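Note: the block below is work08.cif and it holds mmCIF, C-alpha atoms and all ligand atoms.
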```
data_data
loop_
_atom_site.group_PDB
_atom_site.id
_atom_site.type_symbol
_atom_site.label_atom_id
_atom_site.label_comp_id
_atom_site.auth_asym_id
_atom_site.auth_seq_id
_atom_site.Cartn_x
_atom_site.Cartn_y
_atom_site.Cartn_z
ATOM 1 C CA MET Z 159 -34.909 -81.437 33.564
ATOM 2 C CA SER Z 160 -34.833 -85.062 34.756
ATOM 3 C CA GLU Z 161 -36.254 -87.663 32.441
ATOM 4 C CA GLU Z 162 -36.617 -91.401 32.417
ATOM 5 C CA MET Z 163 -36.127 -93.558 29.317
ATOM 6 C CA ILE Z 164 -38.247 -96.704 29.354
ATOM 7 C CA PRO Z 165 -37.396 -99.249 26.639
ATOM 8 C CA VAL Z 166 -40.508 -100.562 24.867
ATOM 9 C CA THR Z 167 -41.287 -102.901 21.988
ATOM 10 C CA LEU Z 168 -43.703 -102.291 19.130
ATOM 11 C CA ASP Z 169 -46.162 -104.774 20.659
ATOM 12 C CA ASP Z 170 -46.252 -103.130 24.109
ATOM 13 C CA LYS Z 171 -49.321 -101.127 25.069
ATOM 14 C CA MET Z 172 -48.968 -97.341 24.804
ATOM 15 C CA THR Z 173 -49.690 -96.064 28.306
ATOM 16 C CA PHE Z 174 -49.917 -92.475 27.113
ATOM 17 C CA GLU Z 175 -52.518 -90.111 25.704
ATOM 18 C CA CYS Z 176 -52.318 -86.458 24.672
ATOM 19 C CA SER Z 177 -55.089 -84.031 23.733
ATOM 20 C CA PRO Z 178 -55.648 -80.252 23.788
ATOM 21 C CA GLY Z 179 -57.484 -80.680 27.113
ATOM 22 C CA VAL Z 180 -54.383 -81.731 29.104
ATOM 23 C CA SER Z 181 -53.077 -79.305 31.743
ATOM 24 C CA CYS Z 182 -49.606 -79.432 30.164
ATOM 25 C CA PHE Z 183 -50.819 -78.526 26.646
ATOM 26 C CA ASN Z 184 -47.878 -77.083 24.641
ATOM 27 C CA GLU Z 185 -45.361 -77.586 27.480
ATOM 28 C CA CYS Z 186 -43.459 -80.055 25.283
ATOM 29 C CA CYS Z 187 -42.952 -77.259 22.717
ATOM 30 C CA ARG Z 188 -40.734 -75.256 25.095
ATOM 31 C CA ASP Z 189 -37.148 -75.710 26.289
ATOM 32 C CA LEU Z 190 -36.516 -77.889 23.282
ATOM 33 C CA ASN Z 191 -33.392 -79.862 22.753
ATOM 34 C CA GLN Z 192 -34.421 -80.838 19.288
ATOM 35 C CA PHE Z 193 -32.406 -81.404 16.139
ATOM 36 C CA LEU Z 194 -33.989 -80.972 12.741
ATOM 37 C CA THR Z 195 -33.276 -83.523 10.032
ATOM 38 C CA PRO Z 196 -33.016 -82.695 6.309
ATOM 39 C CA TYR Z 197 -36.490 -84.145 5.706
ATOM 40 C CA ASP Z 198 -37.914 -82.134 8.642
ATOM 41 C CA ILE Z 199 -36.567 -78.977 6.995
ATOM 42 C CA LEU Z 200 -37.951 -79.940 3.594
ATOM 43 C CA ARG Z 201 -41.454 -80.392 5.059
ATOM 44 C CA LEU Z 202 -41.339 -77.199 7.150
ATOM 45 C CA LYS Z 203 -40.071 -74.909 4.406
ATOM 46 C CA GLU Z 204 -42.681 -76.331 2.015
ATOM 47 C CA ASN Z 205 -45.376 -75.793 4.644
ATOM 48 C CA LEU Z 206 -44.338 -72.155 4.981
ATOM 49 C CA GLY Z 207 -43.851 -71.680 1.240
ATOM 50 C CA ILE Z 208 -40.327 -70.308 1.622
ATOM 51 C CA THR Z 209 -36.866 -71.334 0.463
ATOM 52 C CA SER Z 210 -34.576 -73.446 2.604
ATOM 53 C CA ASP Z 211 -32.058 -70.614 3.050
ATOM 54 C CA LEU Z 212 -34.740 -68.250 4.341
ATOM 55 C CA PHE Z 213 -36.147 -70.969 6.610
ATOM 56 C CA LEU Z 214 -32.703 -71.729 8.025
ATOM 57 C CA LYS Z 215 -31.884 -68.046 8.610
ATOM 58 C CA LYS Z 216 -35.206 -67.161 10.174
ATOM 59 C CA TYR Z 217 -36.065 -70.168 12.300
ATOM 60 C CA THR Z 218 -32.942 -72.174 13.058
ATOM 61 C CA SER Z 219 -29.505 -72.118 14.654
ATOM 62 C CA VAL Z 220 -26.533 -74.033 13.289
ATOM 63 C CA HIS Z 221 -23.983 -75.646 15.560
ATOM 64 C CA VAL Z 222 -20.912 -77.458 14.356
ATOM 65 C CA GLY Z 223 -20.062 -80.566 16.381
ATOM 66 C CA PRO Z 224 -16.690 -79.798 18.028
ATOM 67 C CA GLU Z 225 -15.405 -83.337 17.472
ATOM 68 C CA SER Z 226 -17.235 -84.385 14.299
ATOM 69 C CA GLY Z 227 -17.201 -81.044 12.459
ATOM 70 C CA LEU Z 228 -20.730 -81.906 11.250
ATOM 71 C CA PRO Z 229 -23.340 -79.128 11.102
ATOM 72 C CA VAL Z 230 -26.356 -79.686 13.349
ATOM 73 C CA ILE Z 231 -29.586 -77.690 12.977
ATOM 74 C CA SER Z 232 -32.018 -76.837 15.766
ATOM 75 C CA PHE Z 233 -34.926 -74.406 16.207
ATOM 76 C CA LYS Z 234 -33.973 -70.839 17.140
ATOM 77 C CA LEU Z 235 -35.478 -70.385 20.591
ATOM 78 C CA ASP Z 236 -36.432 -67.050 22.105
ATOM 79 C CA PRO Z 237 -35.691 -66.647 25.854
ATOM 80 C CA ALA Z 238 -38.533 -64.071 25.975
ATOM 81 C CA THR Z 239 -41.002 -66.886 25.254
ATOM 82 C CA ARG Z 240 -39.472 -69.404 27.698
ATOM 83 C CA HIS Z 241 -37.562 -70.879 24.757
ATOM 84 C CA ALA Z 242 -40.729 -71.792 22.905
ATOM 85 C CA CYS Z 243 -40.650 -73.309 19.441
ATOM 86 C CA PRO Z 244 -41.226 -70.582 16.816
ATOM 87 C CA PHE Z 245 -44.325 -72.473 15.614
ATOM 88 C CA VAL Z 246 -46.218 -73.020 18.848
ATOM 89 C CA ARG Z 247 -49.461 -71.046 19.267
ATOM 90 C CA GLU Z 248 -52.073 -71.023 22.000
ATOM 91 C CA THR Z 249 -54.143 -73.395 19.915
ATOM 92 C CA GLY Z 250 -51.220 -75.771 19.351
ATOM 93 C CA CYS Z 251 -48.729 -76.403 16.575
ATOM 94 C CA SER Z 252 -49.145 -74.089 13.573
ATOM 95 C CA VAL Z 253 -47.265 -76.489 11.271
ATOM 96 C CA TYR Z 254 -48.919 -79.650 12.604
ATOM 97 C CA VAL Z 255 -49.248 -81.587 9.322
ATOM 98 C CA ASP Z 256 -45.555 -80.980 8.610
ATOM 99 C CA ARG Z 257 -44.179 -81.068 12.166
ATOM 100 C CA PRO Z 258 -40.723 -82.639 12.599
ATOM 101 C CA THR Z 259 -40.190 -86.339 13.230
ATOM 102 C CA SER Z 260 -39.331 -85.971 16.908
ATOM 103 C CA CYS Z 261 -42.548 -83.968 17.487
ATOM 104 C CA ARG Z 262 -44.579 -86.666 15.739
ATOM 105 C CA ILE Z 263 -43.287 -89.512 17.852
ATOM 106 C CA TYR Z 264 -42.900 -87.695 21.197
ATOM 107 C CA PRO Z 265 -42.851 -89.090 23.885
ATOM 108 C CA LEU Z 266 -41.251 -91.975 22.029
ATOM 109 C CA ALA Z 267 -37.625 -91.955 20.957
ATOM 110 C CA ARG Z 268 -36.370 -94.138 18.099
ATOM 111 C CA ALA Z 269 -32.838 -95.404 17.526
ATOM 112 C CA ILE Z 270 -31.547 -97.762 14.836
ATOM 113 C CA SER Z 271 -28.651 -100.071 14.204
ATOM 114 C CA ARG Z 272 -27.656 -101.276 10.754
ATOM 115 C CA ALA Z 273 -26.098 -104.700 10.041
ATOM 116 C CA ARG Z 274 -22.759 -104.129 8.300
ATOM 117 C CA ASP Z 275 -23.073 -107.120 5.959
ATOM 118 C CA THR Z 276 -26.746 -106.861 4.891
ATOM 119 C CA GLY Z 277 -27.527 -103.213 5.661
ATOM 120 C CA GLU Z 278 -30.659 -104.429 7.465
ATOM 121 C CA ILE Z 279 -32.022 -101.908 9.956
ATOM 122 C CA GLN Z 280 -33.069 -102.824 13.483
ATOM 123 C CA GLU Z 281 -35.262 -100.298 15.333
ATOM 124 C CA TYR Z 282 -35.301 -99.630 19.081
ATOM 125 C CA PHE Z 283 -37.854 -97.537 20.948
ATOM 126 C CA ALA Z 284 -38.055 -95.967 24.401
ATOM 127 C CA LEU Z 285 -40.663 -93.823 26.123
ATOM 128 C CA ILE Z 286 -39.251 -90.540 27.452
ATOM 129 C CA GLU Z 287 -41.021 -89.749 30.719
ATOM 130 C CA GLU Z 288 -40.478 -86.082 31.547
ATOM 131 C CA PRO Z 289 -41.948 -84.406 34.623
ATOM 132 C CA HIS Z 290 -43.806 -81.754 32.610
ATOM 133 C CA CYS Z 291 -45.693 -84.326 30.528
ATOM 134 C CA LYS Z 292 -48.941 -85.429 32.170
ATOM 135 C CA GLY Z 293 -50.008 -87.801 29.413
ATOM 136 C CA PHE Z 294 -48.512 -90.895 31.015
ATOM 137 C CA GLY Z 295 -50.473 -93.544 32.874
ATOM 138 C CA ARG Z 296 -53.473 -93.414 30.535
ATOM 139 C CA ASN Z 297 -53.932 -96.478 28.378
ATOM 140 C CA SER Z 298 -54.752 -95.403 24.844
ATOM 141 C CA GLY Z 299 -55.821 -98.971 24.025
ATOM 142 C CA GLN Z 300 -53.218 -99.043 21.240
ATOM 143 C CA THR Z 301 -49.925 -100.817 20.922
ATOM 144 C CA ILE Z 302 -46.812 -98.741 20.240
ATOM 145 C CA ARG Z 303 -46.982 -99.981 16.632
ATOM 146 C CA GLU Z 304 -50.603 -98.835 16.213
ATOM 147 C CA TRP Z 305 -49.896 -95.489 17.848
ATOM 148 C CA LEU Z 306 -46.888 -94.936 15.565
ATOM 149 C CA ASP Z 307 -48.964 -95.832 12.489
ATOM 150 C CA GLY Z 308 -51.180 -92.857 13.352
ATOM 151 C CA GLN Z 309 -48.225 -90.443 13.364
ATOM 152 C CA ASP Z 310 -47.404 -90.867 9.649
ATOM 153 C CA VAL Z 311 -43.657 -91.277 10.091
ATOM 154 C CA THR Z 312 -42.754 -93.930 7.520
ATOM 155 C CA LEU Z 313 -41.209 -91.523 4.997
ATOM 156 C CA HIS Z 314 -39.644 -89.421 7.785
ATOM 157 C CA ASN Z 315 -37.939 -92.523 9.180
ATOM 158 C CA ALA Z 316 -36.769 -93.704 5.742
ATOM 159 C CA MET Z 317 -35.204 -90.295 4.969
ATOM 160 C CA ASN Z 318 -33.770 -89.868 8.470
ATOM 161 C CA ASP Z 319 -32.177 -93.315 8.250
ATOM 162 C CA LYS Z 320 -30.318 -92.128 5.137
ATOM 163 C CA LEU Z 321 -28.894 -89.251 7.185
ATOM 164 C CA MET Z 322 -27.837 -91.712 9.899
ATOM 165 C CA GLU Z 323 -26.097 -93.790 7.232
ATOM 166 C CA LEU Z 324 -24.161 -90.679 6.105
ATOM 167 C CA ILE Z 325 -23.093 -89.925 9.677
ATOM 168 C CA SER Z 326 -22.046 -93.509 10.217
ATOM 169 C CA LEU Z 327 -20.006 -93.474 6.962
ATOM 170 C CA LYS Z 328 -18.378 -90.229 8.034
ATOM 171 C CA ASN Z 329 -17.336 -91.784 11.346
ATOM 172 C CA GLN Z 330 -15.884 -94.828 9.573
ATOM 173 C CA ILE Z 331 -14.172 -93.110 6.617
ATOM 174 C CA LEU Z 332 -13.330 -89.646 7.974
ATOM 175 C CA PRO Z 333 -13.070 -89.984 11.752
ATOM 176 C CA GLY Z 334 -12.276 -86.794 13.642
ATOM 177 C CA ARG Z 335 -13.270 -83.261 12.757
ATOM 178 C CA LEU Z 336 -14.525 -82.757 9.213
ATOM 179 C CA ASP Z 337 -12.707 -79.973 7.375
ATOM 180 C CA PRO Z 338 -14.788 -76.800 6.837
ATOM 181 C CA VAL Z 339 -15.081 -77.276 3.052
ATOM 182 C CA ASP Z 340 -16.612 -80.746 3.497
ATOM 183 C CA SER Z 341 -18.762 -79.490 6.373
ATOM 184 C CA ASP Z 342 -20.152 -76.790 4.034
ATOM 185 C CA LYS Z 343 -20.920 -79.408 1.362
ATOM 186 C CA PHE Z 344 -22.780 -81.489 3.937
ATOM 187 C CA TYR Z 345 -24.799 -78.455 5.057
ATOM 188 C CA LEU Z 346 -25.582 -77.420 1.490
ATOM 189 C CA ALA Z 347 -26.912 -80.759 0.241
ATOM 190 C CA CYS Z 348 -28.594 -81.909 3.443
ATOM 191 C CA TYR Z 349 -30.117 -78.713 4.792
ATOM 192 C CA ASP Z 350 -30.005 -75.836 2.306
ATOM 193 C CA MET Z 351 -31.543 -77.737 -0.585
ATOM 194 C CA ASP Z 352 -32.774 -74.721 -2.585
ATOM 195 C CA THR Z 353 -29.263 -73.245 -2.676
ATOM 196 C CA PHE Z 354 -27.962 -76.720 -3.579
ATOM 197 C CA ARG Z 355 -30.406 -76.776 -6.520
ATOM 198 C CA LYS Z 356 -29.275 -73.315 -7.590
ATOM 199 C CA ARG Z 357 -25.620 -74.361 -7.484
ATOM 200 C CA ILE Z 358 -26.496 -77.383 -9.655
ATOM 201 C CA PHE Z 359 -28.462 -75.493 -12.307
ATOM 202 C CA GLU Z 360 -26.717 -72.131 -12.255
ATOM 203 C CA GLY Z 361 -23.233 -73.212 -11.170
ATOM 204 C CA ASP Z 362 -20.729 -75.989 -11.742
ATOM 205 C CA LEU Z 363 -21.449 -78.256 -8.787
ATOM 206 C CA LEU Z 364 -22.006 -81.375 -10.909
ATOM 207 C CA ASP Z 365 -19.123 -80.807 -13.334
ATOM 208 C CA GLY Z 366 -17.476 -84.162 -14.029
ATOM 209 C CA LEU Z 367 -20.625 -86.130 -13.183
ATOM 210 C CA ASP Z 368 -22.656 -87.599 -16.028
ATOM 211 C CA VAL Z 369 -26.148 -87.000 -14.677
ATOM 212 C CA PRO Z 370 -28.928 -88.253 -16.990
ATOM 213 C CA PRO Z 371 -31.377 -85.559 -18.198
ATOM 214 C CA ALA Z 372 -34.307 -87.421 -16.569
ATOM 215 C CA VAL Z 373 -32.596 -87.240 -13.178
ATOM 216 C CA LEU Z 374 -31.848 -83.535 -13.681
ATOM 217 C CA ALA Z 375 -35.502 -82.902 -14.585
ATOM 218 C CA ARG Z 376 -36.655 -84.722 -11.427
ATOM 219 C CA ILE Z 377 -34.352 -82.861 -9.047
ATOM 220 C CA LYS Z 378 -35.265 -79.555 -10.665
ATOM 221 C CA ALA Z 379 -38.978 -80.119 -10.058
ATOM 222 C CA ASP Z 380 -39.184 -82.168 -6.888
ATOM 223 C CA ASP Z 381 -37.728 -81.424 -3.429
ATOM 224 C CA LEU Z 382 -37.796 -85.029 -2.245
ATOM 225 C CA ALA Z 383 -35.941 -86.223 -5.357
ATOM 226 C CA LEU Z 384 -33.446 -83.375 -4.811
ATOM 227 C CA LEU Z 385 -32.872 -84.340 -1.180
ATOM 228 C CA ASP Z 386 -32.397 -87.985 -2.103
ATOM 229 C CA PHE Z 387 -29.900 -86.923 -4.770
ATOM 230 C CA GLY Z 388 -28.173 -84.586 -2.296
ATOM 231 C CA LEU Z 389 -27.679 -87.337 0.283
ATOM 232 C CA ALA Z 390 -26.097 -89.527 -2.407
ATOM 233 C CA TRP Z 391 -23.989 -86.585 -3.627
ATOM 234 C CA VAL Z 392 -22.550 -86.103 -0.127
ATOM 235 C CA LYS Z 393 -21.416 -89.746 -0.162
ATOM 236 C CA TYR Z 394 -19.743 -89.086 -3.516
ATOM 237 C CA ALA Z 395 -18.226 -85.687 -2.711
ATOM 238 C CA LEU Z 396 -16.966 -86.542 0.795
ATOM 239 C CA PHE Z 397 -16.290 -90.264 0.715
ATOM 240 C CA GLY Z 398 -15.721 -91.017 -2.982
ATOM 241 C CA ILE Z 399 -18.693 -93.422 -3.165
ATOM 242 C CA ASP Z 400 -20.113 -93.671 -6.705
ATOM 243 C CA MET Z 401 -23.595 -92.266 -7.213
ATOM 244 C CA ALA Z 402 -26.080 -94.675 -8.814
ATOM 245 C CA LEU Z 403 -27.174 -92.336 -11.587
ATOM 246 C CA GLY Z 404 -29.759 -94.455 -13.407
ATOM 247 C CA GLU Z 405 -32.545 -92.816 -15.427
HETATM 248 S S1 LIG Z 501 -42.981 -77.936 15.474
HETATM 249 FE FE1 LIG Z 501 -45.002 -77.926 16.386
HETATM 250 S S2 LIG Z 501 -45.067 -79.782 17.651
HETATM 251 FE FE2 LIG Z 501 -42.938 -79.377 17.181
HETATM 252 S S3 LIG Z 501 -42.142 -78.208 18.895
HETATM 253 FE FE3 LIG Z 501 -42.827 -76.738 17.340
HETATM 254 S S4 LIG Z 501 -44.933 -76.244 17.864
HETATM 255 FE FE4 LIG Z 501 -44.380 -78.108 18.989
HETATM 256 S S1 LIG Z 502 -46.415 -82.388 27.548
HETATM 257 FE FE1 LIG Z 502 -47.132 -84.477 27.002
HETATM 258 S S2 LIG Z 502 -49.318 -84.591 27.444
HETATM 259 FE FE2 LIG Z 502 -48.677 -82.421 27.535
HETATM 260 S S3 LIG Z 502 -49.161 -81.641 25.499
HETATM 261 FE FE3 LIG Z 502 -47.051 -82.323 25.419
HETATM 262 S S4 LIG Z 502 -47.089 -84.485 24.777
HETATM 263 FE FE4 LIG Z 502 -49.180 -83.890 25.376
#
```

Could you spell out this file's structure in structure tokens?
Ligand code: SF4
Ligand code: SF4
Amino acid sequence: MSEEMIPVTLDDKMTFECSPGVSCFNECCRDLNQFLTPYDILRLKENLGITSDLFLKKYTSVHVGPESGLPVISFKLDPATRHACPFVRETGCSVYVDRPTSCRIYPLARAISRARDTGEIQEYFALIEEPHCKGFGRNSGQTIREWLDGQDVTLHNAMNDKLMELISLKNQILPGRLDPVDSDKFYLACYDMDTFRKRIFEGDLLDGLDVPPAVLARIKADDLALLDFGLAWVKYALFGIDMALGE
């Protein structure tokens, strides 16, 4: 499929509109080349009321990057449905309020760079014009910034940027293919958070770490706190970076 990437700024006008009345309704939910982030998985498994391991088994495929050794998660697509997303229905997305980041911002793409000295993040955006998408050319009357505000992506972006930081650290500290043990740790803490929790509370995963009881109580009760902890734990377990374990 040919596509055109058009760089845009947050103050540019959004020349795009989508609604259930468009002739291409749901076409963007087929033939996906879409990676799921840890926070995407947290929201989807909570939406479905299932554990992360069941969600991963039932709805996703895992690929391991041949050069990085990092696990990458994508939706399991069924050729019998023209590779449709498992959550698309005739009426639209069945997990709409918890849809993944890339679905929220489509047809925008977001990339970031991080200043090495200050850690400050710079965002870049581009419109992805694909032939199947007929929403282009209509002026929604909004700027890119206003349109993005309506997609509720602030927390998604903040959590996804933490994943990007992990990947960037991996490339700096452990270039080349990650060994399978470290790859499994990355998968466990980033994607299979309910099993990660089980290994913390029923196993010996945190042996040697002095985790305050208040932190343990938070990660036991709250998925977002657990994911945040897991991302920091990967830095500790793979790269030797101390975890900030305040109360
Ligand atoms: S999660 Fe929803 S919006 Fe995203 S591809 Fe699937 S059906 Fe479409
Ligand atoms: S292909 Fe484009 S216009 Fe059509 S439903 Fe998807 S986002 Fe909307």

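Among all protein and nucleic acid residues, the ones that lie within 8 Å of ligand LIG 501 (chain Z) when counting only C-alpha atoms and all ligand atoms are Asn184, Cys186, Cys187, Arg188, Leu190, Ala242, Cys243, Pro244, Phe245, Val246, Arg247, Gly250, Cys251, Ser252, Val253, Tyr254, Asp256, Arg257, Pro258, Ser260, Cys261 and Arg262 of chain Z.
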
message: Report as a list of chain:residue names all protein, DNA and RNA residues lying within 7 Å of segment 350-358 of chain Z, evaluated on all atoms listed in the file, omitting residues in the same chain fewer than 3 positions from it.
response: Z:Thr209, Z:Ser210, Z:Asp211, Z:Tyr345, Z:Leu346, Z:Ala347, Z:Gly361, Z:Asp362, Z:Leu363, Z:Leu364, Z:Lys378, Z:Leu385

Would you mind listing, for every residue of chain Z within 12 Å of ligand LIG 502 (chain Z), the two atoms forming the shortest contact and the distance between them in Å to one decimal, using all atoms listed in the file, sorted by chain and ascending residue number, as JSON lines?
```
{"residue": "Z:Thr173", "atom": "CA", "partner": "Z:LIG502", "partner_atom": "S2", "distance": 11.5}
{"residue": "Z:Phe174", "atom": "CA", "partner": "Z:LIG502", "partner_atom": "S2", "distance": 7.9}
{"residue": "Z:Glu175", "atom": "CA", "partner": "Z:LIG502", "partner_atom": "S2", "distance": 6.6}
{"residue": "Z:Cys176", "atom": "CA", "partner": "Z:LIG502", "partner_atom": "FE4", "distance": 4.1}
{"residue": "Z:Ser177", "atom": "CA", "partner": "Z:LIG502", "partner_atom": "FE4", "distance": 6.1}
{"residue": "Z:Pro178", "atom": "CA", "partner": "Z:LIG502", "partner_atom": "S3", "distance": 6.9}
{"residue": "Z:Gly179", "atom": "CA", "partner": "Z:LIG502", "partner_atom": "S3", "distance": 8.5}
{"residue": "Z:Val180", "atom": "CA", "partner": "Z:LIG502", "partner_atom": "FE2", "distance": 6.0}
{"residue": "Z:Ser181", "atom": "CA", "partner": "Z:LIG502", "partner_atom": "FE2", "distance": 6.8}
{"residue": "Z:Cys182", "atom": "CA", "partner": "Z:LIG502", "partner_atom": "FE2", "distance": 4.1}
{"residue": "Z:Phe183", "atom": "CA", "partner": "Z:LIG502", "partner_atom": "S3", "distance": 3.7}
{"residue": "Z:Asn184", "atom": "CA", "partner": "Z:LIG502", "partner_atom": "S3", "distance": 4.8}
{"residue": "Z:Glu185", "atom": "CA", "partner": "Z:LIG502", "partner_atom": "S1", "distance": 4.9}
{"residue": "Z:Cys186", "atom": "CA", "partner": "Z:LIG502", "partner_atom": "FE3", "distance": 4.3}
{"residue": "Z:Cys187", "atom": "CA", "partner": "Z:LIG502", "partner_atom": "FE3", "distance": 7.1}
{"residue": "Z:Arg188", "atom": "CA", "partner": "Z:LIG502", "partner_atom": "S1", "distance": 9.4}
{"residue": "Z:Asp189", "atom": "CA", "partner": "Z:LIG502", "partner_atom": "S1", "distance": 11.5}
{"residue": "Z:Leu190", "atom": "CA", "partner": "Z:LIG502", "partner_atom": "FE3", "distance": 11.6}
{"residue": "Z:Val246", "atom": "CA", "partner": "Z:LIG502", "partner_atom": "S3", "distance": 11.3}
{"residue": "Z:Glu248", "atom": "CA", "partner": "Z:LIG502", "partner_atom": "S3", "distance": 11.6}
{"residue": "Z:Thr249", "atom": "CA", "partner": "Z:LIG502", "partner_atom": "S3", "distance": 11.1}
{"residue": "Z:Gly250", "atom": "CA", "partner": "Z:LIG502", "partner_atom": "S3", "distance": 8.7}
{"residue": "Z:Cys251", "atom": "CA", "partner": "Z:LIG502", "partner_atom": "S3", "distance": 10.4}
{"residue": "Z:Ser260", "atom": "CA", "partner": "Z:LIG502", "partner_atom": "S4", "distance": 11.1}
{"residue": "Z:Cys261", "atom": "CA", "partner": "Z:LIG502", "partner_atom": "S4", "distance": 8.6}
{"residue": "Z:Arg262", "atom": "CA", "partner": "Z:LIG502", "partner_atom": "S4", "distance": 9.6}
{"residue": "Z:Ile263", "atom": "CA", "partner": "Z:LIG502", "partner_atom": "S4", "distance": 9.4}
{"residue": "Z:Tyr264", "atom": "CA", "partner": "Z:LIG502", "partner_atom": "S4", "distance": 6.4}
{"residue": "Z:Pro265", "atom": "CA", "partner": "Z:LIG502", "partner_atom": "S4", "distance": 6.3}
{"residue": "Z:Leu266", "atom": "CA", "partner": "Z:LIG502", "partner_atom": "S4", "distance": 9.9}
{"residue": "Z:Leu285", "atom": "CA", "partner": "Z:LIG502", "partner_atom": "FE1", "distance": 11.4}
{"residue": "Z:Ile286", "atom": "CA", "partner": "Z:LIG502", "partner_atom": "FE1", "distance": 10.0}
{"residue": "Z:Glu287", "atom": "CA", "partner": "Z:LIG502", "partner_atom": "FE1", "distance": 8.9}
{"residue": "Z:Glu288", "atom": "CA", "partner": "Z:LIG502", "partner_atom": "S1", "distance": 8.1}
{"residue": "Z:Pro289", "atom": "CA", "partner": "Z:LIG502", "partner_atom": "S1", "distance": 8.6}
{"residue": "Z:His290", "atom": "CA", "partner": "Z:LIG502", "partner_atom": "S1", "distance": 5.7}
{"residue": "Z:Cys291", "atom": "CA", "partner": "Z:LIG502", "partner_atom": "S1", "distance": 3.6}
{"residue": "Z:Lys292", "atom": "CA", "partner": "Z:LIG502", "partner_atom": "S2", "distance": 4.8}
{"residue": "Z:Gly293", "atom": "CA", "partner": "Z:LIG502", "partner_atom": "S2", "distance": 3.8}
{"residue": "Z:Phe294", "atom": "CA", "partner": "Z:LIG502", "partner_atom": "S2", "distance": 7.3}
{"residue": "Z:Gly295", "atom": "CA", "partner": "Z:LIG502", "partner_atom": "S2", "distance": 10.5}
{"residue": "Z:Arg296", "atom": "CA", "partner": "Z:LIG502", "partner_atom": "S2", "distance": 10.2}
```

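What separates atom CA of Gln309 of chain Z from atom CA of Pro196 of chain Z is a distance of 18.5 Å.
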
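Nearest-residue note for Gly388 of chain Z: choosing from Z:Ala284, Z:Met172, Z:Leu206, Z:Leu324, the minimum distance belongs to Z:Leu324, counting only C-alpha atoms.
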
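Closest approach to Thr218 of chain Z from the set Z:Gln280, Z:Lys320, Z:Leu327, Z:Tyr349 is made by Z:Tyr349, with distances taken over all atoms listed in the file.
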
- request: Write out as number ranges by chain which residues come within 8 Å of segment 230-235 of chain Z when counting only C-alpha atoms, dropping same-chain ones fewer than 5 positions away.
  value: Z: 189, 191-195, 216-223, 241-244

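Closest approach to Ala316 of chain Z among Z:Ala383, Z:Val369, Z:Cys348, Z:Ile279 is made by Z:Ile279 (distances from only C-alpha atoms).
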
message: For Asp400 of chain Z, find every residue with an atom within 10 Å (counting all atoms listed in the file), except residues of its own chain fewer than 4 positions away, and show them as an MDAnalysis selection string.
response: chainID Z and resid 367 390:391 393:395

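Picked out by the PyMOL selection byres (((chain Z and resi 323) around 12) and not hetatm) when it runs on this file: Z:Ile270, Z:Ser271, Z:Arg272, Z:Ala273, Z:Arg274, Z:Gly277, Z:Glu278, Z:Ile279, Z:Ala316, Z:Met317, Z:Asn318, Z:Asp319, Z:Lys320, Z:Leu321, Z:Met322, Z:Leu324, Z:Ile325, Z:Ser326, Z:Leu327, Z:Lys328, Z:Asn329, Z:Gln330, Z:Ile331, Z:Leu389, Z:Ala390, Z:Val392, Z:Lys393.
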
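Separating atom CA of Ser298 of chain Z from atom CA of Asp198 of chain Z is a distance of 26.9 Å.
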
query: So what do you get for atom CA of Leu202 of chain Z versus atom CA of Gln300 of chain Z, distance-wise?
result: 28.6 Å
